[in-house]
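One file, work_30.txt, carrying compact mmCIF, C-alpha atoms and all ligand atoms:
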```
# COMPACT_ATOMS: atom_id res chain seq x y z
CA MET A 1 29.91 15.98 -9.16
CA ALA A 2 32.52 13.51 -8.04
CA SER A 3 31.26 11.03 -5.40
CA ARG A 4 33.06 10.00 -2.20
CA LEU A 5 33.56 6.40 -1.12
CA PRO A 6 30.85 5.24 1.33
CA SER A 7 27.59 6.29 -0.34
CA LEU A 8 28.79 5.23 -3.72
CA VAL A 9 27.48 1.75 -4.45
CA THR A 10 23.74 2.49 -4.49
CA LYS A 11 24.26 5.60 -6.59
CA LEU A 12 26.44 3.65 -8.98
CA HIS A 13 23.90 0.94 -9.56
CA GLN A 14 21.09 3.48 -10.08
CA GLY A 15 23.21 5.31 -12.64
CA MET A 16 24.39 2.17 -14.38
CA SER A 17 21.14 0.36 -14.93
CA LYS A 18 19.47 3.02 -17.12
CA PRO A 19 19.97 2.33 -20.82
CA LYS A 20 22.00 5.15 -22.34
CA PRO A 21 22.43 6.24 -25.90
CA ILE A 22 25.89 5.31 -27.15
CA THR A 23 27.71 8.58 -27.66
CA ARG A 24 31.22 9.85 -28.08
CA LEU A 25 32.42 12.74 -25.93
CA PRO A 26 31.83 16.34 -27.05
CA PRO A 27 34.96 18.44 -27.76
CA LEU A 28 36.74 19.29 -24.48
CA PRO A 29 39.90 21.17 -23.54
CA SER A 30 42.88 18.80 -23.67
CA THR A 31 44.06 17.21 -20.41
CA LYS A 32 47.34 19.09 -20.81
CA GLU A 33 45.38 22.38 -20.85
CA LEU A 34 43.39 21.25 -17.80
CA LEU A 35 46.55 20.41 -15.85
CA ARG A 36 47.80 23.92 -16.63
CA LEU A 37 44.43 25.57 -15.89
CA TYR A 38 44.04 23.89 -12.49
CA ASN A 39 47.76 24.25 -11.79
CA VAL A 40 48.25 20.52 -11.09
CA ARG A 41 51.86 19.35 -11.15
CA ALA A 42 52.80 15.69 -11.17
CA THR A 43 53.64 14.27 -7.74
CA LYS A 44 56.45 11.72 -7.43
CA ALA A 45 54.96 10.26 -4.24
CA LEU A 46 51.91 9.10 -6.25
CA SER A 47 54.02 7.94 -9.24
CA GLN A 48 52.28 10.40 -11.53
CA ASN A 49 53.48 10.00 -15.14
CA PHE A 50 50.80 11.11 -17.56
CA LEU A 51 50.20 9.56 -20.96
CA LEU A 52 48.91 12.58 -22.85
CA ASP A 53 49.04 11.42 -26.50
CA PRO A 54 45.49 10.38 -27.58
CA LYS A 55 46.93 7.94 -30.15
CA LEU A 56 48.66 6.05 -27.36
CA THR A 57 45.74 6.21 -24.93
CA ASN A 58 43.50 4.80 -27.72
CA LYS A 59 46.02 2.07 -28.48
CA PHE A 60 46.18 1.20 -24.77
CA VAL A 61 42.38 1.00 -24.47
CA SER A 62 42.04 -1.06 -27.66
CA LYS A 63 44.22 -3.76 -26.02
CA ALA A 64 41.42 -4.34 -23.49
CA GLY A 65 39.40 -5.88 -26.36
CA ASN A 66 35.79 -5.03 -27.07
CA ILE A 67 34.54 -2.79 -24.25
CA ARG A 68 31.45 -1.49 -26.05
CA ASP A 69 28.48 -1.75 -23.63
CA ALA A 70 30.78 -3.20 -20.97
CA TYR A 71 31.59 -1.94 -17.46
CA VAL A 72 35.08 -0.55 -17.05
CA CYS A 73 36.90 0.29 -13.83
CA GLU A 74 39.95 2.49 -14.29
CA VAL A 75 42.60 2.76 -11.58
CA GLY A 76 44.38 6.11 -11.30
CA PRO A 77 42.68 8.21 -14.02
CA GLY A 78 44.67 11.34 -13.11
CA PRO A 79 43.23 14.17 -15.25
CA GLY A 80 41.26 11.61 -17.31
CA ASN A 81 43.28 11.15 -20.51
CA ILE A 82 42.83 7.36 -20.68
CA THR A 83 39.27 7.80 -19.37
CA ARG A 84 38.45 9.88 -22.47
CA SER A 85 39.62 7.06 -24.73
CA ILE A 86 37.59 4.56 -22.70
CA LEU A 87 34.45 6.72 -22.99
CA ASN A 88 34.97 7.09 -26.74
CA HIS A 89 34.91 3.27 -27.02
CA CYS A 90 31.25 3.52 -25.81
CA PRO A 91 31.17 1.37 -22.66
CA GLN A 92 27.98 1.10 -20.61
CA HIS A 93 29.66 2.69 -17.60
CA VAL A 94 33.13 3.72 -16.36
CA ILE A 95 34.11 3.91 -12.71
CA VAL A 96 37.39 5.63 -11.96
CA ILE A 97 39.29 5.31 -8.65
CA GLU A 98 41.76 8.12 -7.94
CA LYS A 99 43.70 8.99 -4.80
CA ASP A 100 44.61 12.56 -5.65
CA THR A 101 41.68 14.95 -5.13
CA ARG A 102 43.47 17.68 -7.13
CA PHE A 103 42.01 15.93 -10.19
CA MET A 104 38.44 16.54 -9.00
CA PRO A 105 37.70 19.52 -11.35
CA ALA A 106 39.11 17.76 -14.45
CA LEU A 107 37.28 14.52 -13.67
CA SER A 108 34.02 16.35 -12.86
CA LEU A 109 34.19 18.07 -16.25
CA LEU A 110 34.59 14.70 -17.93
CA GLN A 111 31.83 13.16 -15.83
CA ASP A 112 29.41 15.91 -16.90
CA ALA A 113 30.39 15.46 -20.55
CA SER A 114 29.86 11.68 -20.27
CA LYS A 115 26.09 12.11 -19.75
CA GLY A 116 25.82 9.71 -16.82
CA ARG A 117 28.25 7.09 -18.13
CA MET A 118 30.97 7.79 -15.58
CA SER A 119 31.36 7.66 -11.77
CA VAL A 120 34.30 8.99 -9.80
CA VAL A 121 35.59 7.55 -6.54
CA PHE A 122 38.31 9.30 -4.56
CA GLY A 123 40.23 6.81 -2.45
CA ASP A 124 43.12 4.39 -2.30
CA VAL A 125 42.57 1.45 -4.64
CA LEU A 126 44.60 -0.79 -2.31
CA ASN A 127 41.93 -0.41 0.39
CA PHE A 128 38.89 -0.15 -1.82
CA GLU A 129 36.38 -3.01 -1.77
CA MET A 130 35.48 -3.65 -5.41
CA GLY A 131 33.14 -6.59 -4.84
CA MET A 132 29.93 -4.52 -5.11
CA LEU A 133 30.83 -2.16 -7.92
CA PHE A 134 28.90 -3.72 -10.77
CA PRO A 135 25.25 -4.71 -11.27
CA LYS A 136 24.49 -8.39 -10.69
CA GLU A 137 23.28 -8.81 -14.29
CA CYS A 138 26.98 -8.76 -15.34
CA LYS A 139 27.73 -11.91 -13.41
CA LYS A 140 28.92 -14.99 -15.34
CA SER A 141 29.78 -18.36 -13.91
CA TRP A 142 33.52 -18.97 -13.56
CA ASP A 143 33.81 -21.50 -16.37
CA ASP A 144 31.66 -19.42 -18.71
CA GLU A 145 33.03 -16.66 -20.99
CA CYS A 146 34.52 -13.57 -19.29
CA PRO A 147 31.94 -11.11 -17.86
CA PRO A 148 31.53 -7.67 -19.50
CA ILE A 149 33.78 -6.12 -16.84
CA HIS A 150 37.28 -4.78 -17.51
CA LEU A 151 39.87 -3.40 -15.12
CA VAL A 152 42.25 -0.97 -16.77
CA GLY A 153 44.87 1.48 -15.63
CA ASN A 154 48.14 3.18 -16.26
CA LEU A 155 49.14 2.04 -12.80
CA PRO A 156 51.33 4.10 -10.49
CA PHE A 157 54.66 2.21 -10.29
CA SER A 158 54.62 2.53 -6.49
CA ILE A 159 51.56 0.29 -6.07
CA SER A 160 51.55 -1.89 -9.20
CA LEU A 161 53.18 -4.91 -7.53
CA PRO A 162 51.17 -4.98 -4.26
CA LEU A 163 48.03 -4.37 -6.32
CA ILE A 164 48.60 -7.25 -8.77
CA ILE A 165 49.46 -9.64 -5.90
CA LYS A 166 46.29 -8.57 -4.06
CA TRP A 167 44.25 -9.12 -7.23
CA LEU A 168 45.83 -12.53 -7.94
CA LYS A 169 44.83 -13.57 -4.42
CA ALA A 170 41.28 -12.30 -5.04
CA ILE A 171 41.20 -14.23 -8.36
CA SER A 172 42.30 -17.40 -6.54
CA GLU A 173 39.43 -16.89 -4.06
CA ARG A 174 36.97 -15.66 -6.71
CA SER A 175 36.33 -12.68 -4.45
CA SER A 176 36.19 -8.89 -5.02
CA VAL A 177 35.65 -8.11 -8.75
CA TRP A 178 36.06 -11.82 -9.51
CA LYS A 179 32.75 -12.60 -7.77
CA TYR A 180 31.36 -11.59 -11.16
CA GLY A 181 33.47 -14.15 -13.06
CA ARG A 182 36.79 -14.03 -14.87
CA ALA A 183 37.07 -10.24 -15.34
CA LYS A 184 40.02 -9.24 -17.54
CA MET A 185 42.68 -6.66 -16.75
CA THR A 186 44.70 -4.36 -19.03
CA LEU A 187 47.41 -2.65 -17.02
CA THR A 188 50.78 -0.96 -17.29
CA PHE A 189 53.94 -1.99 -15.46
CA GLN A 190 57.58 -1.00 -15.71
CA GLU A 191 58.80 -2.82 -18.81
CA GLU A 192 61.13 -5.10 -16.82
CA VAL A 193 58.20 -6.14 -14.60
CA ALA A 194 56.00 -6.76 -17.67
CA ILE A 195 58.74 -9.01 -19.06
CA ARG A 196 59.05 -10.92 -15.78
CA MET A 197 55.30 -11.48 -15.68
CA THR A 198 55.28 -13.19 -19.06
CA VAL A 199 58.60 -15.08 -19.48
CA PRO A 200 58.60 -18.91 -19.75
CA ALA A 201 60.70 -21.40 -17.80
CA GLY A 202 64.40 -21.16 -18.64
CA HIS A 203 64.38 -17.37 -19.13
CA GLU A 204 66.86 -15.53 -16.93
CA GLU A 205 64.15 -13.07 -15.86
CA ARG A 206 61.88 -15.85 -14.58
CA CYS A 207 60.91 -15.08 -10.97
CA ARG A 208 58.23 -15.57 -8.33
CA LEU A 209 55.99 -13.03 -10.08
CA SER A 210 56.18 -14.95 -13.41
CA LEU A 211 54.85 -18.14 -11.84
CA MET A 212 52.28 -16.37 -9.65
CA CYS A 213 50.80 -14.47 -12.61
CA GLN A 214 50.91 -17.43 -15.01
CA ASN A 215 49.39 -19.78 -12.46
CA TRP A 216 46.13 -17.88 -12.15
CA CYS A 217 46.04 -15.94 -15.43
CA GLU A 218 46.90 -16.03 -19.08
CA VAL A 219 49.33 -13.15 -19.35
CA GLU A 220 50.25 -11.25 -22.51
CA HIS A 221 52.76 -8.44 -22.90
CA LYS A 222 50.90 -6.48 -25.60
CA PHE A 223 53.29 -3.65 -26.39
CA THR A 224 55.82 -1.26 -24.91
CA ILE A 225 55.36 2.48 -24.51
CA PRO A 226 58.66 4.38 -24.50
CA GLY A 227 59.30 6.36 -21.33
CA SER A 228 59.58 9.50 -23.50
CA ALA A 229 55.80 9.29 -24.20
CA PHE A 230 55.00 10.17 -20.57
CA TYR A 231 55.01 13.47 -18.78
CA PRO A 232 57.11 13.73 -16.67
CA LYS A 233 59.32 11.13 -18.36
CA PRO A 234 60.06 8.11 -16.12
CA ARG A 235 63.52 6.54 -16.24
CA VAL A 236 62.12 3.31 -17.72
CA ASN A 237 59.86 2.14 -20.55
CA VAL A 238 56.38 0.90 -19.77
CA GLY A 239 54.84 -2.45 -20.74
CA VAL A 240 51.12 -2.93 -21.38
CA VAL A 241 50.00 -6.31 -20.08
CA THR A 242 46.66 -8.11 -20.28
CA LEU A 243 45.70 -10.73 -17.71
CA THR A 244 42.78 -13.12 -18.22
CA PRO A 245 41.96 -15.34 -15.22
CA ARG A 246 42.24 -19.05 -16.04
CA ILE A 247 39.24 -21.31 -15.54
CA SER A 248 41.53 -23.70 -13.64
CA PRO A 249 44.82 -22.51 -12.18
CA LEU A 250 47.83 -24.56 -13.28
CA VAL A 251 48.57 -25.35 -9.63
CA PRO A 252 45.09 -25.90 -8.17
CA LEU A 253 45.99 -25.17 -4.54
CA ASN A 254 45.15 -22.20 -2.38
CA PHE A 255 47.04 -18.92 -2.67
CA PRO A 256 49.04 -18.98 0.61
CA ILE A 257 50.60 -22.39 -0.06
CA VAL A 258 51.60 -21.61 -3.67
CA GLU A 259 52.92 -18.21 -2.54
CA LYS A 260 54.92 -19.81 0.31
CA VAL A 261 56.59 -22.40 -1.94
CA LEU A 262 57.44 -19.74 -4.54
CA ARG A 263 58.72 -17.28 -1.94
CA HIS A 264 61.14 -19.92 -0.64
CA LEU A 265 62.16 -21.12 -4.11
CA PHE A 266 63.09 -17.71 -5.43
CA ASN A 267 64.83 -16.58 -2.28
CA THR A 268 68.06 -17.58 -4.00
CA LYS A 269 67.26 -17.73 -7.68
CA ASN A 270 70.50 -19.21 -9.00
CA LYS A 271 70.98 -22.07 -6.56
CA MET A 272 69.71 -25.61 -6.92
CA CYS A 273 66.07 -25.55 -5.86
CA LYS A 274 66.52 -28.08 -3.04
CA ASN A 275 68.56 -25.48 -1.11
CA PRO A 276 66.00 -22.69 -0.74
CA LEU A 277 63.23 -25.29 -0.27
CA LYS A 278 64.99 -26.71 2.81
CA LYS A 279 63.89 -23.63 4.70
CA LEU A 280 60.29 -24.79 4.49
CA PHE A 281 61.18 -27.24 7.26
CA PRO A 282 62.57 -26.97 10.82
CA LEU A 283 66.31 -27.57 11.24
CA SER A 284 65.96 -30.96 12.88
CA LYS A 285 64.07 -32.43 9.91
CA ARG A 286 65.35 -30.24 7.10
CA GLU A 287 67.44 -32.76 5.17
CA GLU A 288 64.99 -35.63 5.53
CA LEU A 289 61.83 -33.72 4.58
CA THR A 290 63.50 -31.88 1.70
CA ALA A 291 64.71 -35.18 0.25
CA LYS A 292 61.17 -36.55 0.63
CA LEU A 293 59.68 -33.45 -0.98
CA MET A 294 61.90 -33.78 -4.04
CA THR A 295 61.39 -37.56 -4.34
CA VAL A 296 57.63 -37.43 -3.98
CA ALA A 297 57.41 -34.50 -6.41
CA ASP A 298 59.74 -36.27 -8.82
CA VAL A 299 61.65 -33.02 -9.43
CA ASP A 300 65.41 -32.93 -10.02
CA PRO A 301 66.77 -31.35 -6.78
CA THR A 302 69.61 -29.70 -8.71
CA ILE A 303 67.36 -27.75 -11.10
CA THR A 304 67.52 -23.96 -10.59
CA PRO A 305 64.26 -22.15 -9.84
CA VAL A 306 64.33 -20.19 -13.14
CA ASN A 307 64.21 -23.51 -15.04
CA LEU A 308 61.28 -24.92 -13.09
CA THR A 309 58.18 -25.52 -15.27
CA MET A 310 54.61 -24.99 -14.09
CA GLU A 311 54.12 -28.79 -14.07
CA GLU A 312 57.13 -29.18 -11.76
CA LEU A 313 55.83 -26.40 -9.51
CA HIS A 314 52.49 -28.21 -9.49
CA ARG A 315 54.11 -31.45 -8.31
CA LEU A 316 56.31 -29.69 -5.73
CA THR A 317 53.40 -27.78 -4.24
CA MET A 318 51.21 -30.91 -4.15
CA ALA A 319 54.02 -32.83 -2.43
CA TYR A 320 54.50 -30.00 0.09
CA ASP A 321 50.76 -30.00 0.73
CA CYS A 322 50.89 -33.75 1.39
CA ILE A 323 53.69 -33.22 3.91
CA LEU A 324 51.60 -30.52 5.59
CA GLU A 325 48.70 -32.94 5.82
CA GLN A 326 50.98 -35.36 7.63
CA TYR A 327 52.43 -32.68 9.94
CA PRO A 328 49.84 -29.88 10.27
CA SER A 329 52.05 -27.97 12.73
CA LEU A 330 54.44 -27.25 9.85
CA ARG A 331 51.85 -24.95 8.30
CA SER A 332 52.83 -22.22 10.76
CA TYR A 333 56.57 -22.84 10.37
CA ASP A 334 58.30 -19.73 9.14
CA ASN A 335 62.06 -19.92 8.89
CA ARG A 336 62.37 -16.20 9.66
CA ASP A 337 60.18 -16.27 12.77
CA LYS A 338 62.49 -17.88 15.34
CA LYS A 339 60.35 -16.91 18.38
CA ASN A 340 57.17 -18.52 17.06
CA ASN A 341 59.03 -21.65 15.95
CA GLU A 342 60.58 -22.10 19.38
CA ALA A 343 57.25 -21.46 21.10
CA THR A 344 55.52 -24.13 19.00
CA GLY A 345 58.43 -26.53 19.47
CA LEU A 346 58.99 -26.73 15.75
CA PHE A 347 62.76 -26.80 16.08
CA ASP A 348 62.62 -30.01 18.10
CA GLU A 349 59.66 -31.73 16.57
CA ILE A 350 60.28 -35.29 15.42
CA PRO A 351 57.29 -35.94 13.23
CA PRO A 352 55.87 -39.38 12.44
CA PRO A 353 56.85 -40.98 9.12
CA ILE A 354 55.14 -39.59 6.07
CA SER A 355 52.68 -41.73 4.21
CA LEU A 356 54.39 -41.92 0.86
CA GLN A 357 51.60 -44.03 -0.53
CA LYS A 358 49.01 -41.28 -0.07
CA SER A 359 51.34 -38.58 -1.36
CA GLN A 360 52.14 -40.60 -4.42
CA TYR A 361 48.46 -41.22 -5.08
CA LEU A 362 47.77 -37.46 -4.93
CA LEU A 363 50.68 -36.78 -7.23
CA GLU A 364 49.48 -39.34 -9.75
CA GLU A 365 46.13 -37.52 -9.68
CA ALA A 366 47.90 -34.19 -10.23
CA LYS A 367 49.87 -35.60 -13.18
CA ARG A 368 46.69 -37.01 -14.68
CA GLN A 369 45.09 -33.55 -14.41
CA ILE A 370 48.09 -31.92 -16.09
CA ASN A 371 47.94 -34.44 -18.94
CA ASN A 372 44.21 -33.89 -19.38
CA GLU A 373 44.73 -30.12 -19.46
CA SER A 374 47.49 -30.44 -22.06
CA LEU A 375 45.18 -32.62 -24.16
CA ASP A 376 42.35 -30.10 -23.78
CA ASN A 377 44.67 -27.37 -25.02
CA LEU A 378 45.55 -29.19 -28.22
C1 LIG B 1 50.86 6.83 -13.80
S1 LIG B 1 49.60 7.96 -13.29
C2 LIG B 1 48.40 7.72 -14.58
C3 LIG B 1 47.51 8.92 -14.79
C4 LIG B 1 46.64 8.84 -16.05
N1 LIG B 1 45.77 7.68 -16.02
C5 LIG B 1 47.49 8.78 -17.29
O1 LIG B 1 47.64 7.68 -17.85
O2 LIG B 1 48.01 9.80 -17.66
C6 LIG B 1 48.93 7.08 -11.90
C7 LIG B 1 47.69 7.67 -11.28
O3 LIG B 1 47.31 6.86 -10.17
C8 LIG B 1 46.99 7.68 -9.04
N2 LIG B 1 47.26 6.90 -7.82
C9 LIG B 1 48.45 6.74 -7.18
N3 LIG B 1 48.29 5.93 -6.13
C10 LIG B 1 46.98 5.55 -6.11
C11 LIG B 1 46.20 4.74 -5.24
N4 LIG B 1 46.75 4.12 -4.20
N5 LIG B 1 44.88 4.59 -5.50
C12 LIG B 1 44.31 5.22 -6.57
N6 LIG B 1 45.00 6.02 -7.41
C13 LIG B 1 46.31 6.18 -7.18
C14 LIG B 1 47.89 8.88 -9.21
O4 LIG B 1 47.39 10.01 -8.50
C15 LIG B 1 47.85 9.08 -10.73
O5 LIG B 1 46.76 9.85 -11.12
```

Encoded form (structure tokens):
Amino acid sequence: MASRLPSLVTKLHQGMSKPKPITRLPPLPSTKELLRLYNVRATKALSQNFLLDPKLTNKFVSKAGNIRDAYVCEVGPGPGNITRSILNHCPQHVIVIEKDTRFMPALSLLQDASKGRMSVVFGDVLNFEMGMLFPKECKKSWDDECPPIHLVGNLPFSISLPLIIKWLKAISERSSVWKYGRAKMTLTFQEEVAIRMTVPAGHEERCRLSLMCQNWCEVEHKFTIPGSAFYPKPRVNVGVVTLTPRISPLVPLNFPIVEKVLRHLFNTKNKMCKNPLKKLFPLSKREELTAKLMTVADVDPTITPVNLTMEELHRLTMAYDCILEQYPSLRSYDNRDKKNNEATGLFDEIPPPISLQKSQYLLEEAKRQINNESLDNL
């Protein structure tokens, strides 16, 4: 039977720890037949586009790498078509998280056929705490190899962006699934989003998401599935992307500060980067602190955000962090929040002079780190 959220974790661990014979699934009715049998029609509100061709579901699962004996968590299994391919790759255990309870009969059938290798959770993945899902034996230290845990999913378009941002934040904090180490992800996105996630500096599609993903993960666009392969057919093609968390992020600062700098930078993608960055600072000090930011970071103020490299982002974010150290009240400055800024006096503040010496020292350190990393990668 399918399990519900709260009582799940203990049951999961009991089920997972027993050694199981490695088996493929017995013959089952196809998922298409099951959808017809249980009279389940795709719902637009849950971005349901099913990938019914077993050749494609197998190809998708094979991009996750070797999942034999590993633990797999699948987001949005629907009637279980990708889940079948996962189970046929002989993992130790599969946990699926699905919002739509209409799939309960199809998933229960699959769970029974899996002989204890599958657990079903009905809930919203955006609110689901994944930090306890796997047995502690899977845990690897962060700078060790990746743990035998894989997140996979033909993600619903409606939640793919908030979900990946939430997961990048969790990766940066080594929380949730990433308590267990650098767990890999194999996920689908609209093709244009997959392209944005992977493009290098100088590409016209470069955006906030590109730098966020590439800062914390190695990102690969593995292949594209034509929209015509899905039922119902979406208006766009779908990109399969793998993300492997980096041992050290390229910009080794906390998530909110990197996110804040990027959010400002890409507010106006085609302007010189000094213009959107000005809005990090209150009006009265805007020109002065922006000029300092660019000088300390040693970044050309006329460069456009799409051309900014990760090294330049690193220096900019470090320089911004140094300015925040000098003027801690600026941390809460939000250009859009006029009320709060007025209440905290941030429009009128005349801060003390910035210690360029300290900022420059920190930047030299950052540059040294970048050089060491480039050497390590040779
Ligand atoms: C694109 S369909 C993929 C279905 C199936 N895995 C396949 O490839 O054919 C996305 C699935 O995610 C489910 N879903 C949508 N929003 C969700 C959420 N917030 N949490 C968990 N599942 C969700 C949908 O009900 C649907 O089954």

Tell me which protein, DNA and RNA residues are within 9 Å of segment 67-82 of chain A, counting all atoms listed in the file, leaving out same-chain ones fewer than 6 positions away, and put them as a PyMOL selection string. chain A and resi 16+22+30-32+34-35+48+50-54+56-58+60-61+89-100+102-107+110+125+133-134+138+147-156

Give me the residues within 9 Å of Leu313 of chain A as a ChimeraX atom specification, counting only C-alpha atoms and dropping any in the same chain fewer than 2 places off. /A:211,251,258,261-262,297,299,308-311,315-318

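You can rank A:Leu283, A:Ile86, A:Met212, A:Leu109 by their closest distance to ligand LIG 1 (chain B) using all atoms listed in the file, and at the top of that list sits A:Ile86.
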
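Across A:Arg36, A:Arg174, A:Lys274, A:His203, the tightest approach to Asn307 of chain A is made by A:His203 when counting all atoms listed in the file.
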
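In this structure, atom CA of Tyr333 of chain A sits 17.9 Å away from atom CA of Ala291 of chain A.
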
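Taking atom CA of Ser332 of chain A as the reference point, atom CA of Ile159 of chain A is found at 28.1 Å.
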
Excluding Ile164 of chain A and any residue of its chain fewer than 5 positions from it, enumerate the residues within 10 Å of it, using only C-alpha atoms, and give them as a list in words. Leu126, Ile159, Lys169, Ala170, Met185, Leu187, Leu209, Met212 and Cys213 of chain A

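Counting from atom CA of Pro26 of chain A, the distance to atom CA of Ala113 of chain A is 6.7 Å.
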
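Checking A:Pro226, A:Gly239, A:Pro27, A:Pro162 one by one against Glu192 of chain A, counting all atoms listed in the file, you find the shortest gap at A:Gly239.
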
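Nearest to ligand LIG 1 (chain B) of all the residues A:Lys292, A:Arg41, A:His221, A:Lys184 is A:Arg41, counting all atoms listed in the file.
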
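Comparing A:Ser114, A:Pro232, A:Glu220, A:Leu163 by their smallest distance to Ala64 of chain A, the closest is A:Glu220 (using only C-alpha atoms).
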
Close residues, Thr290 of chain A itself excluded, 8 Å, all atoms listed in the file, min 6 positions apart in chain, as a ChimeraX atom specification: /A:274,277-278,281
